[in-house]
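target_20.txt, holding compact mmCIF, C-alpha atoms:
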```
# COMPACT_ATOMS: atom_id res chain seq x y z
CA MET A 1 -9.26 -144.77 179.27
CA PRO A 2 -12.99 -144.44 180.07
CA GLU A 3 -14.41 -146.98 182.50
CA TYR A 4 -17.80 -148.58 182.01
CA ARG A 5 -19.80 -150.64 184.45
CA LEU A 6 -22.29 -153.21 183.24
CA ASP A 7 -24.86 -154.96 185.41
CA VAL A 8 -26.32 -157.81 183.40
CA GLU A 9 -28.34 -160.86 184.42
CA LEU A 10 -29.97 -162.34 181.34
CA ASP A 11 -31.20 -165.82 180.42
CA PHE A 12 -32.03 -166.63 176.82
CA ALA A 13 -32.97 -169.49 174.50
CA TYR A 14 -31.99 -170.09 170.87
CA THR A 15 -33.92 -172.27 168.41
CA ASP A 16 -32.04 -173.47 165.32
CA GLU A 17 -33.45 -174.52 161.93
CA SER A 18 -34.10 -178.06 163.11
CA GLY A 19 -36.13 -176.84 166.07
CA ALA A 20 -33.53 -177.73 168.68
CA VAL A 21 -33.42 -175.30 171.60
CA THR A 22 -30.18 -174.15 173.22
CA THR A 23 -30.25 -172.10 176.41
CA GLY A 24 -27.69 -169.70 177.70
CA SER A 25 -27.05 -166.77 179.98
CA ALA A 26 -25.21 -163.45 180.09
CA ARG A 27 -23.80 -162.17 183.37
CA ALA A 28 -21.89 -159.01 184.25
CA ALA A 29 -21.16 -157.00 187.35
CA GLY A 30 -18.60 -154.45 186.20
CA ALA A 31 -16.59 -154.38 182.98
CA GLU A 32 -16.40 -158.14 182.41
CA VAL A 33 -19.25 -159.85 180.58
CA THR A 34 -19.57 -163.64 180.43
CA VAL A 35 -21.87 -165.30 177.90
CA SER A 36 -22.42 -168.97 178.72
CA LEU A 37 -23.90 -171.42 176.18
CA GLU A 38 -25.14 -174.92 176.88
CA GLY A 39 -24.63 -175.80 173.22
CA LEU A 40 -22.81 -174.46 170.17
CA ALA A 41 -25.80 -174.03 167.86
CA PRO A 42 -25.95 -170.21 168.30
CA LEU A 43 -22.35 -169.99 167.00
CA THR A 44 -22.62 -172.37 164.06
CA GLY A 45 -26.18 -171.91 162.87
CA GLY A 46 -25.54 -168.72 160.90
CA GLY A 47 -21.89 -169.29 160.01
CA LEU A 48 -18.83 -168.31 161.97
CA PRO A 49 -17.33 -164.83 161.63
CA SER A 50 -13.76 -164.43 160.47
CA LEU A 51 -10.98 -162.82 162.45
CA GLU A 52 -11.19 -159.71 160.30
CA ASP A 53 -14.90 -159.45 161.15
CA ILE A 54 -14.41 -159.50 164.91
CA LYS A 55 -11.27 -157.35 165.10
CA PRO A 56 -13.14 -154.00 165.02
CA LEU A 57 -15.47 -155.16 167.82
CA ALA A 58 -12.53 -156.35 169.91
CA GLU A 59 -10.71 -153.02 169.47
CA LEU A 60 -13.84 -151.03 170.37
CA LEU A 61 -14.38 -153.05 173.55
CA ALA A 62 -10.69 -152.61 174.50
CA ARG A 63 -10.92 -148.82 174.12
CA LYS A 64 -13.90 -148.80 176.48
CA GLY A 65 -12.18 -151.09 178.97
CA VAL A 66 -14.75 -153.87 178.54
CA SER A 67 -14.21 -157.58 177.92
CA ILE A 68 -16.65 -160.21 176.70
CA THR A 69 -15.98 -163.92 177.22
CA VAL A 70 -17.96 -166.58 175.37
CA ALA A 71 -18.01 -169.97 177.12
CA GLY A 72 -19.39 -173.29 175.89
CA PRO A 73 -19.94 -176.70 177.49
CA GLY A 74 -16.18 -177.41 177.34
CA GLY A 75 -15.00 -174.09 178.80
CA ASN A 76 -14.07 -170.65 177.49
CA ILE A 77 -14.15 -170.32 173.70
CA LEU A 78 -13.10 -166.75 173.06
CA SER A 79 -12.53 -163.45 174.85
CA LEU A 80 -12.66 -160.02 173.21
CA GLY A 81 -11.75 -156.50 174.33
CA LYS A 82 -9.63 -155.75 177.35
CA VAL A 83 -7.89 -159.13 177.65
CA ASP A 84 -4.40 -160.40 178.36
CA SER A 85 -3.59 -162.17 175.09
CA PRO A 86 -0.31 -164.18 175.06
CA ALA A 87 2.27 -163.38 172.40
CA SER A 88 1.95 -166.84 170.81
CA GLN A 89 -1.72 -166.22 170.10
CA ARG A 90 -1.12 -162.74 168.73
CA LEU A 91 0.92 -164.28 165.91
CA LEU A 92 -2.21 -166.15 164.88
CA THR A 93 -4.97 -163.66 165.64
CA ARG A 94 -2.89 -160.59 164.71
CA SER A 95 -4.64 -158.69 167.48
CA PRO A 96 -3.81 -158.08 171.15
CA HIS A 97 -7.54 -157.82 171.90
CA ILE A 98 -8.53 -161.40 171.01
CA LYS A 99 -7.77 -164.30 173.34
CA LEU A 100 -8.44 -167.93 172.51
CA GLY A 101 -10.02 -170.23 175.04
CA LYS A 102 -9.49 -173.91 175.71
CA LEU A 103 -8.53 -176.16 172.84
CA GLY A 104 -11.32 -178.61 173.69
CA SER A 105 -13.89 -175.85 173.24
CA LEU A 106 -12.44 -174.69 169.93
CA LEU A 107 -12.23 -178.07 168.21
CA PRO A 108 -16.01 -178.57 167.74
CA LEU A 109 -16.24 -175.13 166.13
CA VAL A 110 -13.33 -175.85 163.80
CA ARG A 111 -14.87 -179.16 162.69
CA ARG A 112 -18.27 -177.62 162.06
CA GLY A 113 -16.76 -174.63 160.31
CA ARG A 114 -14.88 -176.89 157.87
CA ARG A 115 -18.15 -178.40 156.63
CA ARG A 116 -19.66 -175.04 155.80
CA PRO A 117 -19.27 -173.77 152.23
CA LYS A 118 -19.10 -170.15 153.39
CA GLY A 119 -17.31 -168.39 156.20
CA MET A 120 -14.24 -169.44 158.09
CA ALA A 121 -13.79 -171.41 161.25
CA LEU A 122 -13.45 -169.01 164.15
CA LEU A 123 -9.99 -170.06 165.36
CA PRO A 124 -7.61 -171.68 164.74
CA PRO A 125 -7.92 -172.12 160.96
CA SER A 126 -6.95 -175.48 159.44
CA THR A 127 -5.30 -177.12 162.46
CA PRO A 128 -5.36 -176.25 166.15
CA LEU A 129 -1.59 -176.66 166.47
CA PRO A 130 0.92 -175.19 166.01
CA LEU A 131 -0.31 -171.72 166.88
CA VAL A 132 2.03 -170.14 164.33
CA PRO A 133 1.79 -169.90 160.52
CA THR A 134 3.03 -172.99 158.71
CA VAL A 135 5.89 -172.81 156.22
CA GLN A 136 5.37 -173.31 152.52
CA ARG A 137 7.21 -176.47 151.59
CA LYS A 138 7.06 -176.52 147.79
CA ILE A 139 9.37 -173.67 146.87
CA THR A 140 11.16 -173.49 143.54
CA ARG A 141 14.63 -172.01 143.87
CA ARG A 142 17.00 -171.06 141.08
CA ILE A 143 20.15 -173.16 141.09
CA THR A 144 23.29 -171.05 141.23
CA THR A 145 26.98 -171.76 141.44
CA THR A 146 28.35 -172.15 144.95
CA HIS A 147 31.53 -170.24 144.11
CA TYR A 148 31.75 -166.96 145.95
CA ALA A 149 32.97 -163.66 144.52
CA ARG A 150 36.28 -163.98 142.73
CA GLY A 151 39.14 -164.10 145.20
CA GLY A 152 36.76 -164.40 148.16
CA GLY A 153 37.31 -166.50 151.25
CA ARG A 154 40.61 -164.81 152.22
CA PRO A 155 42.99 -167.22 150.41
CA ARG A 156 46.34 -167.33 152.19
CA LEU A 157 49.46 -169.31 153.01
CA ILE A 158 50.25 -170.09 156.64
CA PHE A 159 53.71 -171.09 157.81
CA VAL A 160 53.37 -174.44 159.57
CA GLN A 161 55.20 -174.86 162.86
CA ASP A 162 55.65 -178.00 164.89
CA SER A 163 56.17 -178.35 168.63
CA ALA A 164 59.93 -177.89 168.24
CA THR A 165 59.75 -174.63 166.27
CA TRP A 166 56.62 -173.00 167.66
CA THR A 167 57.42 -169.89 169.71
CA GLY A 168 53.92 -169.31 171.07
CA GLN A 169 53.25 -166.56 168.54
CA ILE A 170 50.60 -166.54 165.83
CA PRO A 171 52.04 -168.22 162.71
CA ARG A 172 53.07 -165.96 159.84
CA GLU A 173 50.54 -165.58 157.04
CA VAL A 174 50.85 -164.45 153.43
CA ALA A 175 47.69 -163.20 151.69
CA LEU A 176 47.25 -164.30 148.07
CA THR A 177 45.90 -161.10 146.57
CA GLY A 178 47.48 -161.07 143.12
CA ASP A 179 46.98 -163.20 140.04
CA VAL A 180 50.47 -164.63 140.52
CA THR A 181 52.42 -165.03 143.77
CA THR A 182 56.05 -166.12 143.38
CA ILE A 183 57.99 -168.03 146.03
CA GLY A 184 61.79 -168.29 146.13
CA SER A 185 65.02 -166.89 147.51
CA GLY A 186 65.55 -164.30 144.78
CA PRO A 187 65.08 -160.58 145.41
CA GLY A 188 62.14 -160.44 143.02
CA ALA A 189 60.09 -163.16 144.78
CA ASP A 190 56.87 -162.13 146.46
CA VAL A 191 57.56 -164.59 149.28
CA ARG A 192 61.34 -164.69 149.96
CA LEU A 193 62.52 -167.80 151.76
CA GLU A 194 66.18 -168.64 152.37
CA GLY A 195 67.52 -171.95 151.15
CA LEU A 196 65.19 -172.21 148.14
CA GLU A 197 65.94 -171.73 144.48
CA GLU A 198 65.77 -168.17 143.20
CA PHE A 199 62.43 -168.90 141.58
CA HIS A 200 61.18 -172.03 143.33
CA ALA A 201 57.40 -172.01 142.70
CA GLU A 202 54.43 -169.79 141.99
CA ILE A 203 50.74 -169.77 142.88
CA ARG A 204 48.44 -168.68 140.05
CA HIS A 205 44.89 -167.42 140.47
CA ASP A 206 43.22 -168.73 137.29
CA GLU A 207 40.05 -167.80 135.40
CA GLN A 208 38.03 -170.42 137.30
CA ASP A 209 38.80 -168.72 140.62
CA GLU A 210 41.11 -171.54 141.61
CA TYR A 211 44.57 -171.21 143.19
CA VAL A 212 47.09 -173.46 141.45
CA LEU A 213 50.62 -174.26 142.61
CA VAL A 214 53.12 -174.50 139.75
CA PRO A 215 56.51 -175.87 140.96
CA ASN A 216 59.84 -174.94 139.45
CA GLY A 217 61.98 -176.51 142.16
CA PRO A 218 61.43 -179.63 144.29
CA VAL A 219 58.18 -179.66 146.28
CA SER A 220 56.43 -182.29 148.38
CA GLY A 221 53.59 -182.60 150.86
CA SER A 222 50.00 -183.06 149.71
CA VAL A 223 50.65 -181.54 146.26
CA SER A 224 51.99 -182.94 143.03
CA ARG A 225 55.80 -183.06 142.85
CA THR A 226 55.98 -182.80 139.08
CA GLY A 227 53.14 -180.62 137.85
CA PRO A 228 50.49 -178.03 138.75
CA SER A 229 48.20 -178.72 141.74
CA VAL A 230 44.86 -177.08 142.53
CA LEU A 231 45.08 -176.03 146.15
CA ARG A 232 42.34 -176.81 148.66
CA THR A 233 42.10 -175.75 152.29
CA GLY A 234 44.62 -177.70 154.34
CA ALA A 235 46.93 -178.52 151.43
CA ARG A 236 50.58 -178.64 152.58
CA ILE A 237 53.51 -177.49 150.48
CA GLN A 238 56.98 -178.59 151.61
CA MET A 239 59.86 -176.67 150.03
CA GLY A 240 63.25 -177.28 151.59
CA GLN A 241 63.02 -176.46 155.30
CA TRP A 242 59.80 -174.51 154.80
CA CYS A 243 56.30 -175.97 155.17
CA LEU A 244 53.34 -173.86 154.06
CA ALA A 245 49.63 -174.63 154.29
CA PHE A 246 46.95 -173.19 151.99
CA PHE A 247 43.72 -171.96 153.55
CA ARG A 248 40.54 -170.46 152.11
CA GLU A 249 37.15 -170.10 153.81
CA GLU A 250 34.74 -172.95 153.08
CA PHE A 251 32.06 -170.83 151.39
CA ALA A 252 34.53 -169.99 148.61
CA ASP A 253 36.76 -173.09 148.57
CA HIS A 254 34.81 -176.06 147.27
CA GLY A 255 36.07 -176.91 143.81
CA ARG A 256 33.01 -178.03 141.86
CA PRO A 257 30.46 -175.47 140.60
CA TYR A 258 27.41 -176.91 142.40
CA GLY A 259 29.14 -178.26 145.50
CA GLY A 260 31.36 -181.20 146.33
CA ARG A 261 35.11 -181.41 146.38
CA SER A 262 37.30 -182.98 143.73
CA GLY A 263 37.33 -186.64 144.68
CA GLY A 264 34.11 -186.40 146.69
CA GLU A 265 35.54 -188.25 149.69
CA LEU A 266 35.56 -191.49 147.64
CA ALA A 267 31.94 -191.04 146.57
CA TYR A 268 30.64 -190.94 143.01
CA GLU A 269 29.59 -187.46 141.86
CA ARG A 270 27.87 -186.99 138.52
CA PRO A 271 29.40 -184.65 135.90
CA GLN A 272 28.37 -181.02 136.23
CA LEU A 273 28.23 -178.17 133.74
CA ASP A 274 30.41 -175.36 135.06
CA PRO A 275 28.53 -172.09 134.33
CA ARG A 276 31.77 -170.14 134.70
CA THR A 277 33.48 -171.80 131.75
CA GLY A 278 30.72 -173.70 129.94
CA THR A 279 32.69 -176.94 130.28
CA ILE A 280 31.76 -180.26 131.86
CA GLU A 281 33.31 -180.71 135.31
CA ARG A 282 34.01 -184.37 136.06
CA ASP A 283 34.85 -185.80 139.45
CA SER A 284 38.36 -187.20 139.55
CA SER A 285 37.05 -190.22 141.47
CA GLU A 286 34.22 -190.90 138.99
CA GLY A 287 33.44 -194.58 139.00
CA VAL A 288 34.78 -195.11 142.53
CA ARG A 289 32.11 -196.09 145.02
```

What is this structure when it is put down as structure tokens?
Amino acid sequence: MPEYRLDVELDFAYTDESGAVTTGSARAAGAEVTVSLEGLAPLTGGGLPSLEDIKPLAELLARKGVSITVAGPGGNILSLGKVDSPASQRLLTRSPHIKLGKLGSLLPLVRRGRRRPKGMALLPPSTPLPLVPTVQRKITRRITTTHYARGGGRPRLIFVQDSATWTGQIPREVALTGDVTTIGSGPGADVRLEGLEEFHAEIRHDEQDEYVLVPNGPVSGSVSRTGPSVLRTGARIQMGQWCLAFFREEFADHGRPYGGRSGGELAYERPQLDPRTGTIERDSSEGVR
């Protein structure tokens, strides 16, 4: 990179439209130039440049190894060229060759720049903090069903063990991959368990992506003893000496099309139109508060 040496000792005066005079100086003894202003009229009288306007100058100075610092009554305002710009400021300036000065020096420029019909306040734009782009708050999002892909969430049965029967091994699991999983002691059962009826129960994967237990023999636990039961994560099925628990990952096991479980933890949930079936889904605890 070429090196340049500048020897500058210059005093100047600026007269604005109202006739007010602002004095300043430029000093350099090497590659660093400092321009000091006793007032801000030279910066605001003709309108402030935008970041895009000063980027080419900053890049040119950096290539030549030169830096220019503009200082006002409150301290440094801006540095261009070969400068050490922090990463937080680069997000705002989008240039490694522009460095902001003290906040107290920038605020008067921002306030004056806001009152001008043309141009843009030097930096920062609308507010001095935070020094990162703000997030758009009013965003319109399309409402979609919270059900995951059909059969997602790794639905499975886990054999429950208590302290008396646990052997220290990982409990046995049965993946529910088919549309119908049969449980019983017969040779044709998908899950064969001794001591049960030949065809004791079955778990059906229905068109609404729900897993439903349909008993044929005696069942207990957290499911219905007489009829079909929609299974939710943690549901226990007791059949004879065997206790099974149903599990499915939360992102796919939630029951209602737009969120909320059946029953809603004793909270009222308004009826919802299920886009999967076109029917109205009503909370079983509707009216309970």

Closest to Ser229 in chain A among A:Phe199, A:Tyr211, A:Phe247, A:Phe159, using all atoms listed in the file?
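Looking at the shortest contact to Ser229 in chain A, the residue is A:Tyr211.
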
Please provide the set of residues having any atom within 10 Å of Ala149 in chain A, restricted to all atoms listed in the file, with same-chain residues fewer than 3 positions apart removed, written as a PyMOL selection string.
chain A and resi 146+152-153+209+251-252

In Å, how far is it from CA of Gly24 in chain A to CA of Glu9 in chain A?
11.1 Å

Any idea what's packed within 12 Å of Ser224 in chain A, counting all atoms listed in the file, ignoring anything in its chain fewer than 3 positions away? Could you give it as JSON, numbers by chain?
{"A": [212, 213, 214, 215, 216, 217, 218, 219, 220, 221, 227, 228, 229, 230, 231, 235, 236, 237, 238]}

Identify which of the residues A:Asp53, A:Asp179, A:Thr69, A:Leu60 lies closest to Ser36 in chain A, counting only C-alpha atoms when measuring atom-to-atom distances.
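Checking each candidate against Ser36 in chain A, we get A:Thr69 as the closest.
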
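Relative to CA of Leu80 in chain A, CA of Gly39 in chain A is found at 19.8 Å.
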
Would you mind telling me which residue in A:Ile183, A:Leu100, A:Ala87, A:Ile68 lies nearest to Val33 in chain A when using only C-alpha atoms?
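Closest residue, counting only C-alpha atoms: A:Ile68.
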
Find the residue from A:Glu173, A:Glu32, A:Glu202, A:Glu38 that sits nearest to Ala62 in chain A; use only C-alpha atoms when measuring.
A:Glu32
